[in-house]
>>> print(open('query.txt').read())   # compact mmCIF, C-alpha atoms
# COMPACT_ATOMS: atom_id res chain seq x y z
CA ALA A 59 72.35 128.35 43.19
CA GLU A 60 73.54 126.67 40.00
CA TYR A 61 72.10 123.23 40.72
CA LEU A 62 68.39 122.45 40.90
CA ARG A 63 68.89 120.43 44.09
CA ASP A 64 70.43 123.41 45.87
CA LYS A 65 67.76 125.80 44.56
CA LEU A 66 65.09 123.42 45.79
CA LEU A 67 66.70 123.06 49.22
CA ILE A 68 66.73 126.84 49.70
CA ARG A 69 63.18 127.10 48.35
CA ILE A 70 61.79 124.40 50.67
CA LEU A 71 63.43 125.95 53.74
CA ALA A 72 62.37 129.52 52.90
CA HIS A 73 58.85 128.76 51.67
CA THR A 74 57.74 126.16 54.21
CA GLY A 75 59.69 127.10 57.35
CA CYS A 76 60.51 123.47 58.05
CA ARG A 77 63.57 122.41 60.03
CA ILE A 78 66.65 121.27 58.10
CA SER A 79 66.29 117.75 59.56
CA GLU A 80 62.69 117.67 58.31
CA ALA A 81 63.64 118.87 54.81
CA LEU A 82 66.38 116.25 54.51
CA SER A 83 64.00 113.44 55.48
CA ILE A 84 61.38 114.26 52.80
CA LYS A 85 60.75 111.43 50.35
CA PRO A 86 58.95 111.75 46.99
CA SER A 87 56.13 109.65 48.48
CA ASP A 88 55.62 112.38 51.14
CA ILE A 89 54.57 114.90 48.46
CA ASP A 90 50.90 115.10 47.48
CA PHE A 91 51.00 117.02 44.19
CA GLU A 92 47.21 117.02 43.80
CA GLN A 93 46.51 118.54 47.21
CA GLY A 94 49.69 120.66 47.25
CA MET A 95 50.82 119.25 50.61
CA ILE A 96 53.99 117.71 52.03
CA THR A 97 53.97 115.29 54.95
CA ILE A 98 56.70 116.25 57.40
CA LYS A 99 58.12 113.73 59.86
CA HIS A 100 60.04 115.12 62.80
CA LEU A 101 61.95 112.74 65.06
CA LYS A 102 62.76 114.31 68.39
CA ALA A 103 65.24 112.64 70.72
CA GLY A 104 66.14 113.61 74.25
CA THR A 105 67.03 112.41 77.73
CA LYS A 106 64.53 112.11 80.57
CA LEU A 107 65.77 112.19 84.17
CA ARG A 108 63.98 110.32 86.94
CA CYS A 109 64.37 109.94 90.70
CA PRO A 110 66.04 106.58 91.53
CA SER A 111 63.86 106.23 94.65
CA CYS A 112 60.32 106.94 93.40
CA ASN A 113 60.75 107.31 89.60
CA THR A 114 59.34 110.86 89.54
CA ARG A 115 60.37 112.95 86.51
CA LEU A 116 63.12 115.46 87.38
CA SER A 117 64.35 118.68 85.86
CA ARG A 118 68.03 118.92 84.98
CA LYS A 119 68.69 121.30 87.89
CA ALA A 120 66.70 119.42 90.52
CA LYS A 121 68.53 118.86 93.82
CA TYR A 122 65.51 117.40 95.62
CA CYS A 123 62.81 115.14 94.23
CA PRO A 124 59.34 116.78 94.04
CA GLY A 125 57.79 113.31 94.52
CA CYS A 126 59.47 111.83 97.58
CA GLY A 127 61.41 114.88 98.80
CA GLY A 128 64.70 112.99 98.89
CA LYS A 129 68.00 114.54 97.87
CA VAL A 130 68.95 113.64 94.31
CA GLU A 131 72.47 112.27 94.32
CA GLU A 132 72.34 110.64 90.90
CA ALA A 133 69.31 110.69 88.61
CA LEU A 134 68.36 107.82 86.34
CA ALA A 135 68.65 108.84 82.70
CA GLU A 136 66.61 107.31 79.91
CA GLU A 137 66.79 108.08 76.21
CA ALA A 138 63.42 109.04 74.78
CA SER A 139 62.42 109.70 71.19
CA HIS A 140 59.11 110.23 69.46
CA GLN A 141 58.04 111.12 65.97
CA ARG A 142 55.59 113.88 65.18
CA VAL A 143 53.91 114.01 61.79
CA ARG A 144 52.17 116.97 60.18
CA SER A 145 51.06 117.97 56.68
CA ILE A 146 51.93 121.43 55.42
CA PRO A 147 50.87 123.33 52.26
CA VAL A 148 53.35 124.22 49.52
CA ASP A 149 53.02 126.93 46.86
CA GLU A 150 52.61 126.05 43.17
CA GLU A 151 56.04 127.26 42.06
CA THR A 152 57.76 125.05 44.64
CA LEU A 153 55.59 122.09 43.56
CA ASP A 154 56.62 122.67 39.93
CA MET A 155 60.28 122.68 40.99
CA LEU A 156 59.71 119.43 42.91
CA ARG A 157 58.10 117.79 39.87
CA ASN A 158 60.92 118.91 37.62
CA TYR A 159 63.58 117.75 40.07
CA ILE A 160 62.06 114.28 40.50
CA GLU A 161 61.50 113.89 36.73
CA GLN A 162 65.17 114.77 36.11
CA GLY A 163 66.26 111.90 38.35
CA GLY A 164 66.58 113.63 41.70
CA ALA A 165 65.90 111.64 44.88
CA ARG A 166 67.62 108.52 43.53
CA ASN A 167 68.40 107.16 46.99
CA GLY A 168 64.82 107.50 48.26
CA ASN A 169 65.26 110.81 50.07
CA LEU A 170 64.61 114.02 48.18
CA PHE A 171 68.05 115.57 48.66
CA GLY A 172 70.36 112.69 49.53
CA ILE A 173 72.76 114.85 51.56
CA ASN A 174 73.57 115.07 55.26
CA ARG A 175 72.95 117.96 57.63
CA SER A 176 76.53 119.21 57.47
CA ARG A 177 76.48 119.43 53.66
CA ALA A 178 73.10 121.19 53.70
CA TRP A 179 74.40 123.78 56.16
CA GLN A 180 77.45 124.28 53.94
CA ILE A 181 75.27 124.84 50.84
CA VAL A 182 73.14 127.49 52.58
CA HIS A 183 76.17 129.24 54.05
CA GLU A 184 78.08 129.28 50.74
CA LEU A 185 75.12 130.53 48.71
CA ALA A 186 74.42 133.27 51.27
CA GLY A 187 78.01 134.43 50.86
CA LYS A 188 77.72 134.21 47.08
CA VAL A 189 74.83 136.71 47.01
CA GLY A 190 76.50 139.00 49.53
CA LEU A 191 74.47 138.31 52.67
CA SER A 192 76.59 139.35 55.64
CA ASP A 193 76.98 137.42 58.88
CA LEU A 194 74.28 137.98 61.50
CA ILE A 195 74.64 139.37 65.00
CA HIS A 196 72.42 137.86 67.67
CA PRO A 197 70.58 140.82 69.26
CA GLU A 198 70.70 139.38 72.78
CA SER A 199 74.06 137.59 73.00
CA GLY A 200 76.00 139.69 70.46
CA LYS A 201 77.45 136.51 68.93
CA ILE A 202 78.24 136.62 65.21
CA HIS A 203 77.19 133.68 63.05
CA GLY A 204 76.67 132.96 59.37
CA VAL A 205 73.40 132.48 57.53
CA SER A 206 72.25 128.95 58.36
CA PRO A 207 69.23 126.79 57.44
CA HIS A 208 67.53 127.79 60.70
CA ARG A 209 67.78 131.48 59.77
CA LEU A 210 65.65 130.68 56.70
CA ARG A 211 63.07 129.12 59.04
CA ASP A 212 63.19 132.28 61.17
CA ALA A 213 62.81 134.46 58.06
CA PHE A 214 59.74 132.49 56.98
CA ALA A 215 58.15 132.92 60.42
CA ILE A 216 58.88 136.66 60.62
CA HIS A 217 57.53 137.19 57.09
CA ALA A 218 54.33 135.34 58.04
CA VAL A 219 53.87 137.49 61.17
CA LYS A 220 54.45 140.71 59.22
CA VAL A 221 51.75 139.71 56.70
CA ASP A 222 49.22 138.73 59.39
CA ASP A 223 49.79 138.77 63.15
CA SER A 224 46.25 137.92 64.22
CA GLY A 225 45.68 135.16 66.76
CA ASP A 226 44.27 132.81 64.10
CA SER A 227 47.26 133.42 61.83
CA LEU A 228 49.70 132.71 64.66
CA ARG A 229 47.89 129.42 65.31
CA MET A 230 48.30 128.51 61.61
CA LEU A 231 51.98 129.44 61.85
CA GLN A 232 52.35 127.21 64.91
CA GLU A 233 50.94 124.29 62.90
CA GLN A 234 53.15 125.08 59.89
CA LEU A 235 56.33 125.27 61.96
CA GLY A 236 55.46 122.24 64.08
CA HIS A 237 55.85 124.04 67.40
CA LYS A 238 54.47 122.09 70.34
CA SER A 239 54.02 125.26 72.40
CA PHE A 240 52.21 128.37 71.16
CA ASP A 241 54.65 130.48 73.24
CA THR A 242 57.49 129.41 70.92
CA THR A 243 55.57 130.70 67.89
CA ALA A 244 54.47 133.89 69.65
CA ARG A 245 58.12 134.93 70.11
CA TYR A 246 58.28 135.73 66.40
CA ARG A 247 55.67 138.42 66.85
CA LYS A 248 58.07 140.35 69.05
CA VAL A 249 60.80 140.09 66.42
CA ALA A 250 58.53 141.13 63.56
CA GLY A 251 58.35 144.89 64.04
CA GLU A 252 58.03 147.98 66.18
CA GLU A 253 54.38 147.61 67.18
CA LEU A 254 55.03 148.63 70.79
CA LYS A 255 56.73 151.86 69.73
CA ASP A 256 53.90 152.65 67.29
CA TRP A 257 51.30 151.86 69.95
CA TYR A 258 53.02 154.16 72.43
CA LYS A 259 53.22 157.03 69.92
CA LYS A 260 49.49 156.76 69.22
CA LEU A 261 48.73 157.24 72.92
CA TRP A 262 49.89 160.86 72.66
CA GLU A 263 48.66 161.84 69.21
CA ASN A 264 45.43 163.49 70.40
>>> encode(input="query.txt", output="structure tokens")
Amino acid sequence: AEYLRDKLLIRILAHTGCRISEALSIKPSDIDFEQGMITIKHLKAGTKLRCPSCNTRLSRKAKYCPGCGGKVEEALAEEASHQRVRSIPVDEETLDMLRNYIEQGGARNGNLFGINRSRAWQIVHELAGKVGLSDLIHPESGKIHGVSPHRLRDAFAIHAVKVDDSGDSLRMLQEQLGHKSFDTTARYRKVAGEELKDWYKKLWEN
């Protein structure tokens, strides 16, 4: 990256594991330089489906209501959104880059980066191509896709699991990534290596 903003965007994504939407919403006031922490705000929006007869919550595939037992002809949809807030640690080098960026006049419009999601994706994709990173193949679907901001989040998580895959460390990773469910975090452990193969080999060593 030639520009400090782009370097910082890559650094934040790769060294904190935050979502691209979270990175783009960071304001200078969210950064605690003394404590070395960033407050992350994550707004999650979605649609809730309810039974028109008894107002019981429905799954998207529900044909019968689990509350009243009636057949669901047309569910009531309501838009729901909630904001989750968490504070995550940041390493010293990233904090120094943040200080430098803000002192040089970055974050003029209030947000740290001042770009939209599409532009951020483009920056990551272009820089990945610039350093020769090839497209990725999804191991389950076989689909080919470029290096995206979310792949940097994945890389952070896999790196963390490779360094320490204990239960306590996975709980810390869950907090860092902002996963509501521990099962979501635990999936990275499977990706991180060949533990099962090593375990199986050890069964027959003696």
>>> closest_residue(input="query.txt", among="A:Leu82, A:Leu228, A:Leu116, A:Ile96", to="Thr152 in chain A", atoms="all atoms listed in the file")
A:Ile96
>>> atom_distance(input="query.txt", atom1="CA of Phe214 in chain A", atom2="CA of Thr74 in chain A")
7.2 Å
>>> closest_residue(input="query.txt", among="A:Asp223, A:Asp212, A:Glu80, A:Asp88", to="Gly168 in chain A", atoms="all atoms listed in the file")
A:Asp88
>>> residues_near_point(input="query.txt", point="(55.1, 113.9, 94.0)", cutoff="10 Å", atoms="all atoms listed in the file", output="number ranges by chain")
A: 112-115, 123-127
>>> atom_distance(input="query.txt", atom1="CA of Gln162 in chain A", atom2="CA of Leu62 in chain A")
9.6 Å
>>> atom_distance(input="query.txt", atom1="CA of Arg63 in chain A", atom2="CA of Leu235 in chain A")
22.4 Å
>>> residues_around(input="query.txt", residues="range 67-73 of chain A", least_positions_apart="4", cutoff="8 Å", atoms="only C-alpha atoms", output="ChimeraX atom specification")
/A:63,77-78,81,148-149,152,171,182,207,210-211,213-214
>>> write_last_selection(input="query.txt", atoms="C-alpha atoms", output="PDB file, keeping the file's coordinate frame")
ATOM      1  CA  ARG A  63      68.890 120.430  44.090  1.00  0.00           C
ATOM      2  CA  ARG A  77      63.570 122.410  60.030  1.00  0.00           C
ATOM      3  CA  ILE A  78      66.650 121.270  58.100  1.00  0.00           C
ATOM      4  CA  ALA A  81      63.640 118.870  54.810  1.00  0.00           C
ATOM      5  CA  VAL A 148      53.350 124.220  49.520  1.00  0.00           C
ATOM      6  CA  ASP A 149      53.020 126.930  46.860  1.00  0.00           C
ATOM      7  CA  THR A 152      57.760 125.050  44.640  1.00  0.00           C
ATOM      8  CA  PHE A 171      68.050 115.570  48.660  1.00  0.00           C
ATOM      9  CA  VAL A 182      73.140 127.490  52.580  1.00  0.00           C
ATOM     10  CA  PRO A 207      69.230 126.790  57.440  1.00  0.00           C
ATOM     11  CA  LEU A 210      65.650 130.680  56.700  1.00  0.00           C
ATOM     12  CA  ARG A 211      63.070 129.120  59.040  1.00  0.00           C
ATOM     13  CA  ALA A 213      62.810 134.460  58.060  1.00  0.00           C
ATOM     14  CA  PHE A 214      59.740 132.490  56.980  1.00  0.00           C
TER      15      PHE A 214
END
>>> closest_residue(input="query.txt", among="A:Ser224, A:Lys85, A:Ser117, A:Leu185", to="Tyr61 in chain A", atoms="all atoms listed in the file")
A:Leu185
>>> closest_residue(input="query.txt", among="A:Val219, A:Leu261, A:Ile173, A:Leu156", to="Ser79 in chain A", atoms="all atoms listed in the file")
A:Ile173
>>> build_atoms(input="query.txt", residues="range 114-125 of chain A", atoms="all heavy atoms", output="PDB file, in the coordinates of the input")
ATOM      1  N   THR A 114      59.965 109.602  89.951  1.00  0.00           N
ATOM      2  CA  THR A 114      59.340 110.860  89.540  1.00  0.00           C
ATOM      3  C   THR A 114      60.240 111.570  88.528  1.00  0.00           C
ATOM      4  O   THR A 114      61.460 111.550  88.652  1.00  0.00           O
ATOM      5  CB  THR A 114      59.125 111.781  90.767  1.00  0.00           C
ATOM      6  OG1 THR A 114      58.239 111.130  91.671  1.00  0.00           O
ATOM      7  CG2 THR A 114      58.525 113.126  90.365  1.00  0.00           C
ATOM      8  N   ARG A 115      59.611 112.203  87.540  1.00  0.00           N
ATOM      9  CA  ARG A 115      60.370 112.950  86.510  1.00  0.00           C
ATOM     10  C   ARG A 115      61.062 114.146  87.162  1.00  0.00           C
ATOM     11  O   ARG A 115      60.479 114.865  87.969  1.00  0.00           O
ATOM     12  CB  ARG A 115      59.386 113.426  85.435  1.00  0.00           C
ATOM     13  CG  ARG A 115      60.018 114.183  84.281  1.00  0.00           C
ATOM     14  CD  ARG A 115      60.520 113.255  83.205  1.00  0.00           C
ATOM     15  NE  ARG A 115      61.140 114.027  82.144  1.00  0.00           N
ATOM     16  CZ  ARG A 115      60.496 114.455  81.070  1.00  0.00           C
ATOM     17  NH1 ARG A 115      59.205 114.191  80.910  1.00  0.00           N
ATOM     18  NH2 ARG A 115      61.122 115.132  80.130  1.00  0.00           N
ATOM     19  N   LEU A 116      62.324 114.379  86.805  1.00  0.00           N
ATOM     20  CA  LEU A 116      63.120 115.460  87.380  1.00  0.00           C
ATOM     21  C   LEU A 116      63.560 116.456  86.322  1.00  0.00           C
ATOM     22  O   LEU A 116      63.763 116.089  85.164  1.00  0.00           O
ATOM     23  CB  LEU A 116      64.381 114.886  88.043  1.00  0.00           C
ATOM     24  CG  LEU A 116      64.201 113.870  89.168  1.00  0.00           C
ATOM     25  CD1 LEU A 116      65.545 113.279  89.540  1.00  0.00           C
ATOM     26  CD2 LEU A 116      63.536 114.511  90.376  1.00  0.00           C
ATOM     27  N   SER A 117      63.726 117.694  86.741  1.00  0.00           N
ATOM     28  CA  SER A 117      64.350 118.680  85.860  1.00  0.00           C
ATOM     29  C   SER A 117      65.859 118.492  85.949  1.00  0.00           C
ATOM     30  O   SER A 117      66.361 117.851  86.869  1.00  0.00           O
ATOM     31  CB  SER A 117      63.970 120.099  86.278  1.00  0.00           C
ATOM     32  OG  SER A 117      64.596 120.424  87.501  1.00  0.00           O
ATOM     33  N   ARG A 118      66.580 119.084  85.002  1.00  0.00           N
ATOM     34  CA  ARG A 118      68.030 118.920  84.980  1.00  0.00           C
ATOM     35  C   ARG A 118      68.703 119.547  86.206  1.00  0.00           C
ATOM     36  O   ARG A 118      69.771 119.126  86.625  1.00  0.00           O
ATOM     37  CB  ARG A 118      68.615 119.526  83.708  1.00  0.00           C
ATOM     38  CG  ARG A 118      68.238 118.749  82.459  1.00  0.00           C
ATOM     39  CD  ARG A 118      69.010 119.191  81.236  1.00  0.00           C
ATOM     40  NE  ARG A 118      68.659 118.365  80.093  1.00  0.00           N
ATOM     41  CZ  ARG A 118      69.197 117.198  79.807  1.00  0.00           C
ATOM     42  NH1 ARG A 118      70.115 116.688  80.617  1.00  0.00           N
ATOM     43  NH2 ARG A 118      68.837 116.516  78.743  1.00  0.00           N
ATOM     44  N   LYS A 119      68.079 120.587  86.766  1.00  0.00           N
ATOM     45  CA  LYS A 119      68.690 121.300  87.890  1.00  0.00           C
ATOM     46  C   LYS A 119      68.190 120.844  89.254  1.00  0.00           C
ATOM     47  O   LYS A 119      68.588 121.383  90.268  1.00  0.00           O
ATOM     48  CB  LYS A 119      68.445 122.806  87.731  1.00  0.00           C
ATOM     49  CG  LYS A 119      69.128 123.400  86.495  1.00  0.00           C
ATOM     50  CD  LYS A 119      68.845 124.882  86.384  1.00  0.00           C
ATOM     51  CE  LYS A 119      69.525 125.481  85.167  1.00  0.00           C
ATOM     52  NZ  LYS A 119      69.237 126.926  85.024  1.00  0.00           N
ATOM     53  N   ALA A 120      67.317 119.852  89.257  1.00  0.00           N
ATOM     54  CA  ALA A 120      66.700 119.420  90.520  1.00  0.00           C
ATOM     55  C   ALA A 120      67.731 118.866  91.503  1.00  0.00           C
ATOM     56  O   ALA A 120      68.552 118.026  91.151  1.00  0.00           O
ATOM     57  CB  ALA A 120      65.627 118.378  90.246  1.00  0.00           C
ATOM     58  N   LYS A 121      67.671 119.373  92.753  1.00  0.00           N
ATOM     59  CA  LYS A 121      68.530 118.860  93.820  1.00  0.00           C
ATOM     60  C   LYS A 121      67.738 117.968  94.768  1.00  0.00           C
ATOM     61  O   LYS A 121      68.299 117.115  95.459  1.00  0.00           O
ATOM     62  CB  LYS A 121      69.171 120.018  94.578  1.00  0.00           C
ATOM     63  CG  LYS A 121      70.163 120.803  93.722  1.00  0.00           C
ATOM     64  CD  LYS A 121      70.792 121.935  94.507  1.00  0.00           C
ATOM     65  CE  LYS A 121      71.780 122.704  93.627  1.00  0.00           C
ATOM     66  NZ  LYS A 121      72.344 123.864  94.332  1.00  0.00           N
ATOM     67  N   TYR A 122      66.407 118.210  94.807  1.00  0.00           N
ATOM     68  CA  TYR A 122      65.510 117.400  95.620  1.00  0.00           C
ATOM     69  C   TYR A 122      64.349 116.924  94.757  1.00  0.00           C
ATOM     70  O   TYR A 122      63.886 117.647  93.881  1.00  0.00           O
ATOM     71  CB  TYR A 122      64.980 118.198  96.821  1.00  0.00           C
ATOM     72  CG  TYR A 122      66.064 118.546  97.820  1.00  0.00           C
ATOM     73  CD1 TYR A 122      66.799 119.725  97.692  1.00  0.00           C
ATOM     74  CD2 TYR A 122      66.353 117.684  98.875  1.00  0.00           C
ATOM     75  CE1 TYR A 122      67.803 120.039  98.589  1.00  0.00           C
ATOM     76  CE2 TYR A 122      67.366 117.993  99.777  1.00  0.00           C
ATOM     77  CZ  TYR A 122      68.082 119.169  99.633  1.00  0.00           C
ATOM     78  OH  TYR A 122      69.080 119.467 100.532  1.00  0.00           O
ATOM     79  N   CYS A 123      63.898 115.717  95.013  1.00  0.00           N
ATOM     80  CA  CYS A 123      62.810 115.140  94.230  1.00  0.00           C
ATOM     81  C   CYS A 123      61.469 115.738  94.635  1.00  0.00           C
ATOM     82  O   CYS A 123      61.142 115.751  95.839  1.00  0.00           O
ATOM     83  CB  CYS A 123      62.782 113.623  94.413  1.00  0.00           C
ATOM     84  SG  CYS A 123      61.351 112.844  93.637  1.00  0.00           S
ATOM     85  N   PRO A 124      60.657 116.240  93.683  1.00  0.00           N
ATOM     86  CA  PRO A 124      59.340 116.780  94.040  1.00  0.00           C
ATOM     87  C   PRO A 124      58.352 115.690  94.452  1.00  0.00           C
ATOM     88  O   PRO A 124      57.321 115.972  95.053  1.00  0.00           O
ATOM     89  CB  PRO A 124      58.884 117.459  92.739  1.00  0.00           C
ATOM     90  CG  PRO A 124      59.635 116.775  91.656  1.00  0.00           C
ATOM     91  CD  PRO A 124      60.947 116.372  92.254  1.00  0.00           C
ATOM     92  N   GLY A 125      58.676 114.420  94.170  1.00  0.00           N
ATOM     93  CA  GLY A 125      57.790 113.310  94.520  1.00  0.00           C
ATOM     94  C   GLY A 125      57.981 112.820  95.936  1.00  0.00           C
ATOM     95  O   GLY A 125      57.062 112.848  96.758  1.00  0.00           O
TER      96      GLY A 125
END
